[in-house]
Structures are given as structure tokens and as C-alpha cells.
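Content type compact mmCIF, C-alpha atoms, from the file upload21.txt:
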```
# COMPACT_ATOMS: atom_id res chain seq x y z
CA MET P 264 85.44 108.30 108.03
CA LYS P 265 81.98 107.06 109.07
CA ARG P 266 81.49 110.34 110.92
CA ILE P 267 82.36 112.34 107.81
CA ILE P 268 79.97 110.40 105.59
CA GLY P 269 77.27 110.66 108.22
CA LEU P 270 77.58 114.41 108.41
CA PHE P 271 77.55 114.68 104.65
CA CYS P 272 74.48 112.51 104.16
CA GLY P 273 72.61 114.67 106.65
CA SER P 274 73.25 117.81 104.61
CA VAL P 275 71.40 119.32 101.69
CA LEU P 276 73.46 117.08 99.41
CA ALA P 277 72.12 113.85 100.85
CA ILE P 278 70.31 112.98 97.64
CA SER P 279 73.60 111.83 96.13
CA CYS P 280 74.43 109.36 98.91
CA HIS P 281 71.49 107.10 98.25
CA ASN P 282 72.53 103.57 97.31
CA ASN P 283 76.04 104.74 96.44
CA SER P 284 77.52 101.41 97.45
CA GLU P 285 75.26 99.66 94.94
CA VAL P 286 76.39 101.67 91.94
CA LYS P 287 78.28 99.55 89.44
CA VAL P 288 80.78 101.05 87.05
CA ASN P 289 80.60 99.78 83.49
CA THR P 290 83.93 98.11 82.72
CA SER P 291 83.10 95.92 79.74
CA THR P 292 85.89 93.72 78.45
CA ASN P 293 86.01 95.03 74.87
CA ASN P 294 88.28 97.85 73.76
CA ALA P 295 85.52 100.29 72.88
CA PRO P 296 85.84 103.59 74.79
CA ILE P 297 84.28 103.48 78.25
CA GLN P 298 81.56 106.11 78.11
CA LEU P 299 80.23 108.13 81.01
CA ASP P 300 76.54 107.36 81.46
CA SER P 301 74.09 108.76 84.02
CA ALA P 302 74.64 105.92 86.50
CA GLN P 303 78.41 106.38 86.41
CA ALA P 304 78.00 110.16 86.59
CA LYS P 305 75.80 109.82 89.69
CA HIS P 306 78.40 107.56 91.25
CA LEU P 307 81.29 109.93 90.51
CA LEU P 308 79.27 112.93 91.69
CA THR P 309 79.09 111.51 95.21
CA LEU P 310 82.87 111.72 95.54
CA PRO P 311 83.35 115.51 95.48
CA LEU P 312 79.97 116.12 97.10
CA HIS P 313 80.98 114.14 100.14
CA CYS P 314 83.99 116.35 100.80
CA ILE P 315 83.68 119.93 99.52
CA ASP P 316 82.26 121.01 102.89
CA VAL P 317 84.45 118.72 105.01
CA GLU P 318 87.02 121.03 106.58
CA TYR P 319 89.10 118.45 108.44
CA PRO P 320 91.42 116.60 108.02
CA ASN P 321 93.19 119.26 106.00
CA LYS P 322 96.63 119.87 104.53
CA LEU P 323 97.12 123.62 104.11
CA GLY P 324 100.56 123.92 102.52
CA GLN P 325 100.88 127.64 103.25
CA VAL P 326 103.93 129.68 104.21
CA LEU P 327 103.45 131.58 107.48
CA GLY P 328 104.53 135.19 107.54
CA SER P 329 103.50 135.75 111.16
CA ASP P 330 101.28 134.41 113.94
CA GLN P 331 98.39 136.20 112.26
CA ASP P 332 98.53 133.70 109.40
CA LEU P 333 97.60 130.80 111.68
CA LYS P 334 93.97 130.37 110.71
CA GLY P 335 91.68 127.47 109.91
CA PRO P 336 91.07 126.22 106.35
CA ARG P 337 87.57 127.72 106.07
CA THR P 338 88.86 131.14 107.14
CA LEU P 339 91.82 131.10 104.74
CA HIS P 340 89.90 129.52 101.85
CA PRO P 341 86.16 130.13 102.28
CA ILE P 342 85.37 128.50 98.93
CA PHE P 343 88.04 125.83 98.55
CA TYR P 344 88.48 124.59 102.11
CA GLY P 345 87.17 121.03 101.80
CA CYS P 346 88.45 117.78 100.31
CA PHE P 347 91.69 117.67 102.35
CA ASP P 348 93.65 120.31 100.38
CA TRP P 349 93.08 123.35 98.19
CA HIS P 350 93.70 121.76 94.81
CA SER P 351 91.46 118.76 95.57
CA SER P 352 88.69 121.13 96.58
CA VAL P 353 89.10 123.06 93.33
CA HIS P 354 88.97 120.01 91.12
CA GLY P 355 86.12 118.68 93.25
CA TYR P 356 84.13 121.75 92.16
CA TRP P 357 85.27 121.09 88.59
CA SER P 358 83.86 117.56 88.82
CA ILE P 359 80.51 118.79 90.15
CA VAL P 360 80.19 121.44 87.45
CA ARG P 361 81.30 119.05 84.70
CA ILE P 362 78.73 116.44 85.70
CA LEU P 363 75.83 118.84 86.25
CA LYS P 364 76.58 120.40 82.88
CA GLN P 365 76.11 117.01 81.20
CA PHE P 366 73.52 115.50 83.53
CA PRO P 367 71.37 118.33 84.96
CA ASP P 368 68.71 115.89 86.19
CA LEU P 369 71.12 114.73 88.90
CA ASP P 370 70.23 117.94 90.75
CA LYS P 371 66.48 118.10 90.20
CA SER P 372 65.95 119.49 93.71
CA GLY P 373 68.51 122.25 93.20
CA ALA P 374 70.28 121.31 96.44
CA ILE P 375 73.71 121.14 94.84
CA ARG P 376 73.34 124.53 93.16
CA LYS P 377 72.19 125.97 96.47
CA GLN P 378 75.35 124.75 98.15
CA LEU P 379 77.61 126.11 95.39
CA ASN P 380 75.79 129.45 95.51
CA HIS P 381 76.39 129.56 99.25
CA ASN P 382 80.13 129.00 98.84
CA ILE P 383 80.97 130.84 95.61
CA THR P 384 80.40 134.47 96.53
CA ALA P 385 82.29 137.64 95.66
CA GLU P 386 83.28 138.10 99.30
CA ASN P 387 84.69 134.59 99.57
CA ALA P 388 86.50 134.88 96.23
CA ALA P 389 88.19 138.11 97.37
CA ILE P 390 89.59 136.28 100.41
CA GLU P 391 90.82 133.44 98.20
CA LEU P 392 92.55 135.91 95.88
CA ALA P 393 94.13 137.81 98.77
CA PHE P 394 95.80 134.59 99.89
CA PHE P 395 97.48 134.22 96.48
CA GLN P 396 98.54 137.87 96.53
CA ASP P 397 100.32 137.43 99.86
CA LYS P 398 104.06 137.68 99.18
CA ASN P 399 104.62 134.52 101.23
CA ASN P 400 102.34 132.43 99.02
CA LYS P 401 103.18 133.48 95.48
CA ASN P 402 104.19 129.90 94.69
CA PHE P 403 101.17 128.33 96.37
CA GLU P 404 99.75 125.48 94.25
CA ARG P 405 102.11 126.20 91.35
CA THR P 406 101.24 124.87 88.82
CA TYR P 407 98.90 121.98 89.68
CA GLY P 408 96.31 123.96 91.61
CA TRP P 409 96.63 126.84 89.16
CA ALA P 410 95.79 124.56 86.25
CA TRP P 411 92.78 123.03 88.00
CA LEU P 412 91.36 126.47 88.82
CA LEU P 413 91.62 127.32 85.14
CA GLN P 414 89.89 124.05 84.25
CA LEU P 415 87.04 124.93 86.60
CA GLN P 416 86.79 128.37 85.05
CA LYS P 417 86.71 126.90 81.55
CA GLU P 418 83.78 124.65 82.48
CA LEU P 419 81.89 127.62 83.86
CA LEU P 420 82.65 129.92 80.92
CA THR P 421 81.51 127.31 78.40
CA TRP P 422 78.22 126.54 80.19
CA LYS P 423 75.21 128.61 79.15
CA ASP P 424 73.64 128.68 82.57
CA PRO P 425 72.80 131.67 84.81
CA ASP P 426 74.46 130.21 87.90
CA ALA P 427 77.56 129.19 85.96
CA GLU P 428 77.84 132.66 84.41
CA ARG P 429 77.66 134.24 87.86
CA TRP P 430 80.22 131.85 89.35
CA ALA P 431 82.58 132.48 86.43
CA LYS P 432 82.30 136.24 86.93
CA ILE P 433 83.08 135.79 90.64
CA LEU P 434 86.13 133.62 89.96
CA ASP P 435 87.38 135.73 87.05
CA PRO P 436 89.84 137.86 89.12
CA MET P 437 91.48 134.73 90.48
CA ALA P 438 91.70 133.14 87.01
CA LYS P 439 93.30 136.31 85.64
CA HIS P 440 95.76 136.40 88.54
CA ILE P 441 96.77 132.80 87.88
CA MET P 442 97.18 133.38 84.14
CA LYS P 443 99.43 136.35 84.84
CA ALA P 444 101.44 134.34 87.38
CA TYR P 445 101.77 131.48 84.88
CA GLN P 446 103.03 133.78 82.14
CA GLU P 447 105.57 135.34 84.50
CA TYR P 448 106.75 131.98 85.78
CA LEU P 449 107.20 129.95 82.60
CA PRO P 450 110.03 131.99 81.00
CA LYS P 451 111.99 131.63 84.25
CA LEU P 452 111.60 127.83 84.26
CA VAL P 453 114.87 126.77 82.67
CA TYR P 454 114.21 123.04 83.12
CA PRO P 455 110.83 121.31 83.25
CA ILE P 456 109.77 119.50 86.40
CA ARG P 457 109.44 115.82 85.49
CA THR P 458 108.10 114.21 88.66
CA GLY P 459 105.06 111.96 88.97
CA TYR P 460 103.58 114.43 91.45
CA HIS P 461 101.67 117.72 91.54
CA ASP P 462 104.48 119.91 90.24
CA ASN P 463 104.86 118.03 86.94
CA SER P 464 105.23 120.80 84.35
CA ALA P 465 103.68 118.93 81.42
CA PHE P 466 100.47 118.12 83.31
CA GLY P 467 99.92 121.74 84.25
CA LEU P 468 100.70 122.91 80.72
CA SER P 469 98.18 120.50 79.19
CA LEU P 470 95.37 121.60 81.50
CA ALA P 471 96.22 125.28 81.12
CA LEU P 472 96.37 124.95 77.33
CA ASP P 473 92.96 123.27 77.36
CA TYR P 474 91.66 126.34 79.20
CA ALA P 475 93.34 128.80 76.84
CA ARG P 476 91.91 127.13 73.74
CA GLY P 477 88.52 126.49 75.29
CA THR P 478 88.16 130.18 76.11
CA ASN P 479 89.85 131.52 72.93
CA ASN P 480 92.66 133.20 74.84
CA ALA P 481 95.28 133.42 72.08
CA VAL P 482 97.85 135.34 74.13
CA PHE P 483 97.88 132.81 76.94
CA GLU P 484 97.87 129.93 74.44
CA LYS P 485 100.95 131.37 72.70
CA SER P 486 102.82 131.63 76.00
CA LEU P 487 102.01 128.03 76.89
CA THR P 488 102.86 126.50 73.51
CA THR P 489 106.07 128.49 73.10
CA ASN P 490 107.36 127.41 76.48
CA ALA P 491 106.24 123.80 76.05
CA VAL P 492 108.24 123.51 72.83
CA ARG P 493 111.22 125.24 74.45
CA LEU P 494 111.16 122.84 77.41
CA TYR P 495 110.55 119.56 75.60
CA ASP P 496 111.45 119.79 71.92
CA HIS P 497 114.92 118.23 72.26
CA ASP P 498 113.98 115.41 74.65
CA LYS P 499 114.79 111.86 73.56
CA ASN P 500 114.56 108.30 74.89
CA CYS P 501 112.29 108.67 77.91
CA ASN P 502 112.81 105.54 80.02
CA ILE P 503 109.24 104.51 80.75
CA SER P 504 110.49 101.19 82.12
CA PHE P 505 111.48 103.09 85.28
CA GLU P 506 107.86 104.06 85.87
CA PRO P 507 106.05 104.16 88.14
CA SER P 508 107.72 105.22 91.34
CA GLY P 509 106.09 104.03 94.54
CA SER P 510 103.52 106.79 94.88
CA ASP P 511 103.27 108.45 91.47
CA PHE P 512 99.91 109.63 90.22
CA LEU P 513 101.30 111.03 86.97
CA SER P 514 103.53 109.41 84.35
CA PRO P 515 106.46 111.74 83.54
CA CYS P 516 106.96 110.16 80.09
CA LEU P 517 103.30 110.01 79.09
CA GLU P 518 102.41 113.46 80.44
CA GLU P 519 105.16 114.99 78.34
CA ALA P 520 104.09 112.98 75.29
CA LEU P 521 100.49 114.13 75.75
CA CYS P 522 101.54 117.76 76.15
CA MET P 523 103.56 117.69 72.94
CA SER P 524 100.69 116.03 71.09
CA VAL P 525 98.66 119.20 71.49
CA VAL P 526 101.40 121.72 70.66
CA LEU P 527 103.01 120.11 67.60
CA GLY P 528 101.51 119.39 64.21
CA GLU P 529 100.97 115.74 63.27
CA ASP P 530 104.14 115.26 61.24
CA GLN P 531 106.30 117.12 63.76
CA TYR P 532 104.77 115.16 66.59
CA ARG P 533 105.33 111.80 64.90
CA LYS P 534 109.02 112.59 64.43
CA TRP P 535 109.37 113.89 67.98
CA LEU P 536 107.56 110.91 69.55
CA LYS P 537 109.66 108.36 67.64
CA ASP P 538 112.71 109.91 69.26
CA PHE P 539 111.10 110.28 72.66
CA LEU P 540 109.12 107.03 73.10
CA PRO P 541 109.90 104.79 70.10
CA GLU P 542 108.54 101.64 71.77
CA ILE P 543 105.05 103.10 71.88
CA PHE P 544 104.72 102.55 68.12
CA ASN P 545 104.96 98.77 68.58
CA PRO P 546 101.42 97.32 68.36
CA ASP P 547 102.39 94.95 71.17
CA PHE P 548 103.51 97.74 73.47
CA ASN P 549 102.28 97.02 76.99
CA LEU P 550 102.17 98.91 80.25
CA GLU P 551 100.74 97.22 83.32
CA PRO P 552 98.45 99.26 85.59
CA GLY P 553 99.90 100.49 88.86
CA ILE P 554 99.07 98.10 91.72
CA VAL P 555 97.60 99.46 94.95
CA LYS P 556 97.95 97.22 98.00
CA ASP P 557 96.64 99.62 100.65
CA ARG P 558 93.95 102.16 99.76
CA THR P 559 94.03 103.63 103.26
CA ASP P 560 97.56 104.89 102.62
CA GLY P 561 97.36 108.37 101.15
CA HIS P 562 100.54 107.93 99.11
CA LEU P 563 100.14 104.35 97.93
CA VAL P 564 96.61 105.05 96.68
CA HIS P 565 98.16 107.59 94.29
CA LEU P 566 98.68 104.66 91.94
CA ASP P 567 94.94 104.45 91.29
CA GLY P 568 95.22 108.06 90.14
CA LEU P 569 98.18 107.08 87.99
CA ASN P 570 96.01 104.56 86.18
CA PHE P 571 93.45 107.25 85.43
CA SER P 572 96.02 109.81 84.28
CA ARG P 573 97.79 107.20 82.16
CA ALA P 574 94.45 106.43 80.50
CA THR P 575 94.00 110.13 79.72
CA CYS P 576 97.47 110.31 78.20
CA LEU P 577 97.24 107.08 76.20
CA ASN P 578 93.91 108.06 74.66
CA GLY P 579 95.18 111.55 73.86
CA ILE P 580 98.36 110.27 72.24
CA ALA P 581 96.38 107.71 70.24
CA LYS P 582 94.08 110.42 68.92
CA ALA P 583 97.06 112.44 67.71
CA LEU P 584 98.47 109.70 65.45
CA PRO P 585 96.25 107.13 63.68
CA GLU P 586 98.94 104.41 63.82
CA LEU P 587 98.74 104.48 67.63
CA LYS P 588 95.14 103.31 67.90
CA HIS P 589 96.34 100.26 69.85
CA LEU P 590 96.89 102.57 72.81
CA HIS P 591 93.12 102.91 73.30
CA GLY P 592 92.95 99.31 74.50
CA LEU P 593 95.79 99.95 76.91
CA ALA P 594 93.98 103.02 78.25
CA ASN P 595 90.89 100.90 78.87
CA LYS P 596 93.01 98.35 80.71
CA HIS P 597 94.11 101.03 83.16
CA LEU P 598 90.60 102.40 83.60
CA LYS P 599 89.15 98.98 84.26
CA TYR P 600 91.70 98.29 86.96
CA SER P 601 90.91 101.34 89.07
CA LEU P 602 87.34 102.43 88.25
CA PRO P 603 85.70 99.77 90.44
CA ASN P 604 87.89 100.76 93.39
CA ILE P 605 86.57 104.25 94.08
CA THR P 606 83.55 105.09 96.19
CA SER P 607 82.62 107.85 98.62
CA LYS P 608 82.60 105.20 101.35
CA ASP P 609 86.23 104.34 100.66
CA ASP P 610 89.04 105.71 102.78
CA TYR P 611 89.15 109.52 102.67
CA MET P 612 92.77 109.56 101.45
CA GLY P 613 91.56 108.25 98.10
CA SER P 614 87.92 109.27 97.95
CA HIS P 615 88.62 113.00 98.29
CA TRP P 616 90.34 113.24 94.87
CA LEU P 617 90.25 110.06 92.77
CA GLY P 618 86.80 110.74 91.35
CA THR P 619 88.13 113.79 89.53
CA PHE P 620 90.90 111.83 87.85
CA ALA P 621 88.42 109.13 86.81
CA LEU P 622 86.01 111.74 85.43
CA TYR P 623 88.78 113.59 83.60
CA ALA P 624 89.97 110.33 82.00
CA LEU P 625 86.42 109.49 80.91
CA SER P 626 85.90 113.00 79.53
CA LYS P 627 88.95 112.51 77.28
CA ASN P 628 88.04 108.94 76.28
```
Represent the structure from my file as C-alpha cells, please.
Amino acid sequence: MKRIIGLFCGSVLAISCHNNSEVKVNTSTNNAPIQLDSAQAKHLLTLPLHCIDVEYPNKLGQVLGSDQDLKGPRTLHPIFYGCFDWHSSVHGYWSIVRILKQFPDLDKSGAIRKQLNHNITAENAAIELAFFQDKNNKNFERTYGWAWLLQLQKELLTWKDPDAERWAKILDPMAKHIMKAYQEYLPKLVYPIRTGYHDNSAFGLSLALDYARGTNNAVFEKSLTTNAVRLYDHDKNCNISFEPSGSDFLSPCLEEALCMSVVLGEDQYRKWLKDFLPEIFNPDFNLEPGIVKDRTDGHLVHLDGLNFSRATCLNGIAKALPELKHLHGLANKHLKYSLPNITSKDDYMGSHWLGTFALYALSKN
């Protein structure tokens, strides 16, 4: 890990490594929303920057059709080859774009833009798309990576910036391919996937719906909402007391509740949620943060991510129904447990992805 950080800090992105270990995350004890300020943004920016150009270690997850498919990550994915796996690389780019969009002064030298311009080219994007079009990899990153690519594209499309506009145009064929694949896949999904892992259907639907609405894509939005209601409308009595499993980074109950909060009207949602998670209406409802005992273990550290994703869900659910405002305090409790734990100098198994989940939770606070 020291070698990786050393290489990174010697690159054009070195400006973001300075004094990283001294950055303190604001975790005040009151229940007011934890806001992203420039110091926190600078801290979170170091996390994706330290890995988007780190090719190894890497988990490819591809299906081999022949010996010819045995290639290195940078050859297969010339844009999204860093940060251990494809989806983490994608949401690492999302984090960088999201932060620069809000805090442009964090790249006064233009070094970060230069690096993104080097990676996000039409030639590289064509190679990325060809991988998805390979018959052996039609299910690659379904639907977690798909949804994060759409999130990245939404950030670019909603940023009035020449570089962002060019990057969005370059990535547009891949975004369109993923939307088409999503719309073909959902009607075939008879039962939702309810795990606490990448393939959780509700998580992907929520992110994809955010993209559809953020880019005014009514056709895609209709496909997502129709299928979300079909998959979840009759669900009752989700047993949240069984959560979390040992390495979850998503809450099956809360992800579904969040998804339905953005597809149902307020009255419909209230009725549905009282059947699905009745205990959440109790002002004394409590949910303890997931405990991580070894942050060098790539699976156990997932529970820090769970705390961030739970915070996102709890805040979103609370915003949907005014009587659930007590959930904001519970969201803060989860954020405060895990925010101080992440740094680019932490073990790579956590540092390559946790910053995105922290940033996403703060962006929905």
C-alpha cells in the first residue's frame, strides 16, 4: 500500500495528497445534517484520486470466450481500469466530478482535469463499449456498475463545463447501451434481488431513476418506476432485525424502502411502508451502526459502506414522510461512526471505494 500511495503522490495529482492524514471530518454531536464543506471535500477527493490510475491489484470479473480475452485491466478497460474493479473505478470518477463541480478551486492547477482528459477519450470509450457488447459479458456489472455509470453521466450532463460536456458526449454511447440493456433486463426479472451486495435490485433502480429524472428521460423513468412497483408493491414485514449479514454494504430492507419512496406518492408510500417496515414509525426506533473489526479485510470493511448507505436511505425515507424526521438523527449516527475511518492512507480494500459511499450519503443529507 505504501508503494501505491508513493506512486500516486508522485503523479500530476500529488496536490491532493498534501496533509491528507491531518484532515478532520466534521462529525458534530447534534442531529443537524452533516454538510460537505471544502475541507471534507478535499479529504474525500484524495480517495478516488489515489486509485483511478492504479491498475493492480485488480478484480476483473469477466467471462473468457477464448485465450484472446486474457488481457490486462488497462487494455480491457482503458478508462475504468483503476480502483480494484470496474464499478469502483466508475464511481471513483463520479466522486471526482461531483466534488470538482461543487468545489472547482480544489483543482486550481488543472492537474485533475488533465488526467481525466487523458483517460476519457473517444478511442478508450469505444474499447469500453466493445467489452459490454461482447456476447460473453452481457451481464457484466449488472446492475450495480450500470447504475454508477449512469450516475457519472448524470453529473456530467448537468454540469455546464466544456470538459464535462465533452466527456459526456464521449460516454454517451455507453450510457445509451446500458439504458437499453436495463430496459431489456427488467421485464425478465420476475423476482427482485434482495442481497446486501452489488446485485441488489433496489439500489440499482434508485440510482438509475435518479439519472432518468436528472436528465429528463421520461421513457427510461417509466420503465424503472413500472418495474419497481411490480417488484415491490406487495412486500410486507421486512425483517430488519436480521440485518446486517457479515459483509453487507447495503441494507435490503432500507434500500427497498428508499426505492419505493421515490416511485410512490406520499399517501401510497405511507400505507406501503406501514406494511413493510411498521417499526420505523416509532420515534424510538433504533438501528446500531455496523461494526468493523478489521479494515484490512476487503469483506469485513463492507460494513463501513453499509453505514454510509444506511444513512442515505434513512435520510431519503425521512424526507418522504414528515412524521419520520427522527430518522435523520439515526442517519447521522451511522455517518459519524464511519466517516472518521476513511483515508487514502488506509488499507486499499476500503480506501478504493468507501469515499464514494460517504460522498453519496453526504450529497443526499
Inset, instruction - List the neighbours of Leu622 (chain P) out to 9 Å using only C-alpha atoms; skip same-chain residues closer than 2 positions along the sequence, and give me the result as a list in words. - result: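 Surrounding residues, per the criterion: Leu299, Ala304, Leu307, Ser358, Arg361, Ile362, Phe571, Leu617, Gly618, Thr619, Phe620, Ala624, Leu625, Ser626 and Lys627 of chain P.
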Legend entry - Pick from P:Asn402, P:Lys582, P:Lys334, P:Asp567, whichever lies nearest to Lys599 (chain P) using all atoms listed in the file: P:Asp567
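Nearest residue to Lys534 (chain P), choosing from P:Pro552, P:Leu584, P:Ser572, P:Leu563 and counting all atoms listed in the file: P:Leu584.
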Legend entry - Using only C-alpha atoms: which of P:Lys443, P:Arg573, P:Lys417, P:His354 has the shortest distance to His597 (chain P): P:Arg573
Legend entry - Separation of CA of Val317 (chain P) from CA of Asp435 (chain P) in Å: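 That distance, rounded to one decimal, is 24.9 Å.
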Legend entry - Point-to-point distance in Å for CA of Ser614 (chain P) and CA of Ser601 (chain P):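 Result for CA of Ser601 (chain P) versus CA of Ser614 (chain P): 12.3 Å, one decimal.
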Legend entry - Shortest interatomic distance to Gln414 (chain P) - which of P:Arg476, P:Lys305, P:His440, P:Lys451, counting only C-alpha atoms: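 Nearest candidate to Gln414 (chain P) out of P:Arg476, P:Lys305, P:His440, P:Lys451: P:Arg476.
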Inset, instruction - Around the point (81.1, 116.6, 91.8), in the coordinates given by the file, pick out the residues reaching within 7 Å, counting all atoms listed in the file, and return them as a PyMOL selection string. - result: chain P and resi 307-312+355-360+362
Inset, instruction - Select, from P:Trp430, P:Cys501, P:Gln365, P:His340, the residue with the minimum atom-to-atom distance to Ile383 (chain P), counting only C-alpha atoms. - result: P:Trp430
Inset, instruction - Find the distance between CA of Glu418 (chain P) and CA of Ser351 (chain P) and write it in Å to one decimal. - result: 16.3 Å
Inset, instruction - Find the residues near Val482 (chain P): any atom within 12 Å, counting all atoms listed in the file, skip ones fewer than 4 places away on the same chain, and give them as an MDAnalysis selection string. - result: chainID P and resid 442:443 446 472 475:476 478 486:489
Inset, instruction - Give the answer as one residue: which of P:Arg376, P:Arg558, P:His461, P:His589 has the shortest atom-to-atom distance to Ala427 (chain P), using all atoms listed in the file? - result: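 That would be P:Arg376, the residue with the smallest distance to Ala427 (chain P).
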